[in-house]
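Student: Pasting a structure here, questions to come.
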Amino acid sequence: MPDPTTQSRIVDVPSGAIELRWAAATDTGRRRDSNQDAVLAQYPLFIVADGMGGHIGGEIASASAVDRLRGVADRGVVTPEDIEEALERAVGDIADHPETTDDGTGTTVTGVYLDIVDGEPQWTTLNIGDSRVYLLRDQAIAQVTTDHSVVQELVAAGRLSPEEAEQHPYGNVITRAVGPSDGVTPDYVRLDVVDGDRFVICSDGLTKELTDYGILHFLLENPDPAAAVSAMMTAALENGGRDNVTIIVLDAHFRSADDASSPNAD
């Protein structure tokens with residue numbers, strides 16, 4: 001696994017500026033022959049995609065989604081309409097690819113982007129599937145996205161406890177994905193930006209091996225994003241590495257107007 005590196009960006013806002021710092025890594029894990037995850041960590045869009053499908057279908061699906069979303073990130077401004085148009089194009093890429101042979105081919109897509117709404121910064125998370133976005137705020141961690149999975153539906157219906165869900169045999173069965181047989185409209189959650197916000201965006205290869213408490217522990221122990229990613233990746237692999245593992249850690253800190261000037265400021 002290559003060592004992740006921390007990147008940064010200064011974003012101007014009316015109150016001064018926000019410094020974003022992030023790092024990302026992906027690993028095949030210890031039991032899979034190939035990595036069907038794909039990752040995009042490029043301001044202002046941070047995405048994890050976990051592909052599924054026979055042959056190399058999962059790799060094609062996740063790579064197609066990330067490639068199309070990279071075009072959105074390149075423009076520097078993200079809207080839900082941009083996201084959905086990119087995912088529609090990705091579905092076409094998946095369907096047209098000569099090596100896509102499985103009708104079940106598709107990918108999860110989850111992530112977060114920074115938006116400026118009426119001059120104020122705002123987070124928007126997006127999700128299709130069971131990859132997750134967590135937010136660490138005030139020393140507490142919360143899952144922002146809701147899994148699109150059979151198990152989550154059973155939990156929501158009160159037919160399964162969260163503890164039972166962790167061991168359920170249908171734990172890997174998702175109910176929504178980006179692919180030729182599914183839609184491309186994610187669930188969105190908007191959040192105000194708070195100084196010190198820290199996001200974890202990850203595939204289920206991480207959450208299969210680490211509890212929410214475990215994720216919280218490594219975030220609190222490792223202030224640097226790259227160190228946090230490395231620590232969680234190492235723990236996930238040591239705990240079994242049963243699936244591909246992809247992790248992004250994204251931090252936000254407000255800076256005063258006097259500190260806002262920077263060569264990479266927007």
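Residues are referred to by chain and number: the chain letter is A, B, ... according to the order shown in the structure tokens, the number counts from 1 in that chain, and ligands are numbered separately from 1 in the order shown.
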Mind running region 23-46 of chain A against region 234-251 of chain A at 6 Å and telling me each contacting residue's nearest atom pair with the distance in Å (one decimal), counting only C-alpha atoms, chain and number ascending, as a Markdown table?
Tutor:
```
| residue | atom | partner | partner_atom | distance |
| --- | --- | --- | --- | --- |
| A:Ala23 | CA | A:Val249 | CA | 5.6 |
| A:Ala24 | CA | A:Ile248 | CA | 4.3 |
| A:Ala25 | CA | A:Ile247 | CA | 5.6 |
| A:Thr26 | CA | A:Thr246 | CA | 4.1 |
| A:Asp27 | CA | A:Val245 | CA | 5.2 |
| A:Thr28 | CA | A:Asn244 | CA | 4.5 |
| A:Gly29 | CA | A:Gly241 | CA | 4.7 |
| A:Arg30 | CA | A:Gly241 | CA | 5.0 |
| A:Arg31 | CA | A:Arg242 | CA | 5.3 |
| A:Asn35 | CA | A:Asn244 | CA | 5.8 |
```
Student: What parts of region 5-62 of chain A does DSSP call strand (DSSP E)? I'd like the answer as a compact mmCIF listing (two decimals) with N, CA, C and O atoms, in the first residue's frame.
Tutor:
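Contents of selection-v1.txt, as written:
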```
# COMPACT_ATOMS: atom_id res chain seq x y z
N GLN A 7 -2.81 16.56 1.44
CA GLN A 7 -2.90 17.70 0.54
C GLN A 7 -3.73 18.80 1.20
O GLN A 7 -4.47 18.53 2.14
N SER A 8 -3.63 20.01 0.67
CA SER A 8 -4.36 21.11 1.28
C SER A 8 -4.83 22.10 0.24
O SER A 8 -4.32 22.15 -0.88
N ARG A 9 -5.81 22.89 0.65
CA ARG A 9 -6.39 23.91 -0.21
C ARG A 9 -6.97 25.01 0.67
O ARG A 9 -7.62 24.72 1.68
N ILE A 10 -6.77 26.27 0.29
CA ILE A 10 -7.37 27.40 0.98
C ILE A 10 -8.54 27.89 0.15
O ILE A 10 -8.40 28.17 -1.04
N VAL A 11 -9.72 27.99 0.78
CA VAL A 11 -10.93 28.43 0.09
C VAL A 11 -11.41 29.71 0.74
O VAL A 11 -11.69 29.75 1.95
N ASP A 12 -11.50 30.77 -0.04
CA ASP A 12 -11.97 32.05 0.49
C ASP A 12 -13.47 32.02 0.76
O ASP A 12 -14.25 31.51 -0.05
N VAL A 13 -13.87 32.55 1.92
CA VAL A 13 -15.27 32.73 2.28
C VAL A 13 -15.39 34.13 2.89
O VAL A 13 -14.39 34.75 3.24
N GLY A 16 -13.41 34.97 5.99
CA GLY A 16 -11.96 34.77 5.94
C GLY A 16 -11.60 33.69 4.97
O GLY A 16 -11.60 33.89 3.75
N ALA A 17 -11.32 32.50 5.47
CA ALA A 17 -10.98 31.38 4.60
C ALA A 17 -11.12 30.09 5.37
O ALA A 17 -11.11 30.06 6.60
N ILE A 18 -11.27 29.01 4.61
CA ILE A 18 -11.28 27.66 5.17
C ILE A 18 -10.09 26.92 4.59
O ILE A 18 -9.90 26.89 3.37
N GLU A 19 -9.31 26.33 5.47
CA GLU A 19 -8.23 25.45 5.01
C GLU A 19 -8.74 24.02 5.02
O GLU A 19 -9.13 23.50 6.07
N LEU A 20 -8.73 23.39 3.86
CA LEU A 20 -9.07 21.98 3.74
C LEU A 20 -7.79 21.17 3.66
O LEU A 20 -6.85 21.54 2.95
N ARG A 21 -7.75 20.08 4.40
CA ARG A 21 -6.61 19.16 4.35
C ARG A 21 -7.18 17.75 4.21
O ARG A 21 -8.13 17.39 4.90
N TRP A 22 -6.58 16.95 3.33
CA TRP A 22 -7.13 15.63 3.10
C TRP A 22 -6.06 14.64 2.67
O TRP A 22 -4.97 15.02 2.22
N ALA A 23 -6.39 13.37 2.82
CA ALA A 23 -5.55 12.27 2.35
C ALA A 23 -6.46 11.11 1.99
O ALA A 23 -7.57 10.99 2.50
N ALA A 24 -5.97 10.25 1.09
CA ALA A 24 -6.78 9.13 0.62
C ALA A 24 -5.88 7.93 0.32
O ALA A 24 -4.70 8.10 -0.02
N ALA A 25 -6.45 6.75 0.45
CA ALA A 25 -5.73 5.52 0.11
C ALA A 25 -6.73 4.43 -0.22
O ALA A 25 -7.87 4.43 0.26
N THR A 26 -6.29 3.49 -1.05
CA THR A 26 -7.11 2.32 -1.36
C THR A 26 -6.20 1.10 -1.39
O THR A 26 -5.03 1.20 -1.78
N ASP A 27 -6.73 -0.05 -0.96
CA ASP A 27 -5.94 -1.28 -0.87
C ASP A 27 -6.81 -2.46 -1.28
O ASP A 27 -8.01 -2.50 -0.94
N ASP A 37 -12.58 -1.08 -5.87
CA ASP A 37 -12.84 0.27 -5.36
C ASP A 37 -12.15 1.30 -6.24
O ASP A 37 -11.14 1.01 -6.89
N ALA A 38 -12.67 2.51 -6.24
CA ALA A 38 -12.02 3.65 -6.88
C ALA A 38 -12.23 4.86 -6.00
O ALA A 38 -13.21 4.95 -5.25
N VAL A 39 -11.32 5.82 -6.10
CA VAL A 39 -11.35 6.97 -5.20
C VAL A 39 -11.04 8.25 -5.96
O VAL A 39 -10.23 8.26 -6.89
N LEU A 40 -11.72 9.32 -5.57
CA LEU A 40 -11.48 10.65 -6.10
C LEU A 40 -11.34 11.60 -4.91
O LEU A 40 -12.29 11.75 -4.13
N ALA A 41 -10.19 12.21 -4.77
CA ALA A 41 -9.96 13.18 -3.70
C ALA A 41 -9.36 14.42 -4.34
O ALA A 41 -8.14 14.56 -4.43
N GLN A 42 -10.22 15.27 -4.83
CA GLN A 42 -9.81 16.45 -5.58
C GLN A 42 -10.78 17.58 -5.28
O GLN A 42 -11.97 17.49 -5.58
N LEU A 45 -14.48 17.97 -4.54
CA LEU A 45 -15.29 16.75 -4.52
C LEU A 45 -14.46 15.57 -4.04
O LEU A 45 -13.37 15.31 -4.57
N PHE A 46 -15.01 14.83 -3.07
CA PHE A 46 -14.31 13.71 -2.46
C PHE A 46 -15.22 12.49 -2.49
O PHE A 46 -16.28 12.49 -1.85
N ILE A 47 -14.83 11.46 -3.26
CA ILE A 47 -15.73 10.35 -3.59
C ILE A 47 -15.05 9.00 -3.39
O ILE A 47 -13.88 8.82 -3.74
N VAL A 48 -15.81 8.04 -2.87
CA VAL A 48 -15.42 6.63 -2.85
C VAL A 48 -16.48 5.84 -3.61
O VAL A 48 -17.68 6.05 -3.41
N ALA A 49 -16.01 4.95 -4.49
CA ALA A 49 -16.90 4.08 -5.26
C ALA A 49 -16.46 2.64 -5.08
O ALA A 49 -15.28 2.32 -5.24
N ASP A 50 -17.40 1.77 -4.77
CA ASP A 50 -17.14 0.34 -4.51
C ASP A 50 -17.89 -0.46 -5.56
O ASP A 50 -19.12 -0.57 -5.51
N GLY A 51 -17.16 -1.02 -6.52
CA GLY A 51 -17.79 -1.70 -7.64
C GLY A 51 -18.21 -3.12 -7.32
O GLY A 51 -17.69 -3.76 -6.41
N MET A 52 -19.14 -3.61 -8.11
CA MET A 52 -19.62 -4.99 -7.97
C MET A 52 -19.95 -5.53 -9.35
O MET A 52 -20.27 -4.78 -10.27
```
Student: Between CA of Tyr213 (chain A) and CA of His148 (chain A), what distance in Å does the model show, to one decimal?
Tutor: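 Here the two named atoms are 21.7 Å from each other.
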Student: Please return, as a PyMOL selection string, all residues of region 20-225 of chain A that DSSP assigns to helix (DSSP H, G or I) on the basis of the backbone.
Tutor: chain A and resi 57-75+80-96+150-156+162-165+204-207+212-221+225
Student: Go through region 140-218 of chain A and flag each residue having an atom no more than 10 Å from region 56-75 of chain A; for those, report the closest pair of atoms plus their distance in Å to one decimal, using only C-alpha atoms, ordered by chain and rising number, as JSON lines.
Tutor:
```
{"residue": "A:Val178", "atom": "CA", "partner": "A:Ala61", "partner_atom": "CA", "distance": 7.9}
{"residue": "A:Gly179", "atom": "CA", "partner": "A:Ala61", "partner_atom": "CA", "distance": 7.2}
{"residue": "A:Pro180", "atom": "CA", "partner": "A:Ala61", "partner_atom": "CA", "distance": 9.8}
```
Student: Using only C-alpha atoms, which residues of region 172-261 of chain A come within 10 Å of region 86-105 of chain A, and what is the closest atom pair for each, with the distance in Å to one decimal? Give it as a tab-separated table, sorted by chain and residue number.
Tutor:
```
residue	atom	partner	partner_atom	distance
A:Ala177	CA	A:Thr105	CA	9.0
A:Val178	CA	A:Val91	CA	6.8
A:Gly179	CA	A:Val91	CA	5.2
A:Pro180	CA	A:Val91	CA	5.6
A:Ser181	CA	A:Asp103	CA	7.6
A:Asp182	CA	A:Val91	CA	8.9
A:Gly183	CA	A:Glu88	CA	8.3
A:Val184	CA	A:Leu87	CA	5.9
A:Thr185	CA	A:Leu87	CA	8.4
A:Pro186	CA	A:Leu87	CA	9.6
```
Student: Can you pull out the residues contacting Asp147 (chain A)? Cut-off 10 Å, using only C-alpha atoms, and skip same-chain residues under 5 positions away; I want them as a PyMOL selection string.
Tutor: chain A and resi 127-133+152-153+174-176
Student: What separation in Å, quoted to one decimal, exists between CA of Thr79 (chain A) and CA of Leu126 (chain A)?
Tutor: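 These two atoms are separated by 10.9 Å.
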Student: Quote the spacing between CA of Leu135 (chain A) and CA of Asp197 (chain A) in Å to one decimal place.
Tutor: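 Those two atoms sit 7.0 Å apart.
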Student: Using only C-alpha atoms, find the one residue out of A:Asp82, A:Thr108, A:Cys202, A:Val173 that sits nearest to Val151 (chain A).
Tutor: A:Val173
Student: Would you pick out the contacts of Val117 (chain A) at 12 Å or less, using only C-alpha atoms, so that residues sharing its chain but fewer than 4 positions from it are not included, and give the list as a list in words?
Tutor: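 Result of the neighbour search: Val13, Pro14, Val77, Val78, Thr79, Pro121, Gln122, Trp123, Thr124, Arg190, Leu191, Asp192 and Val193 of chain A.
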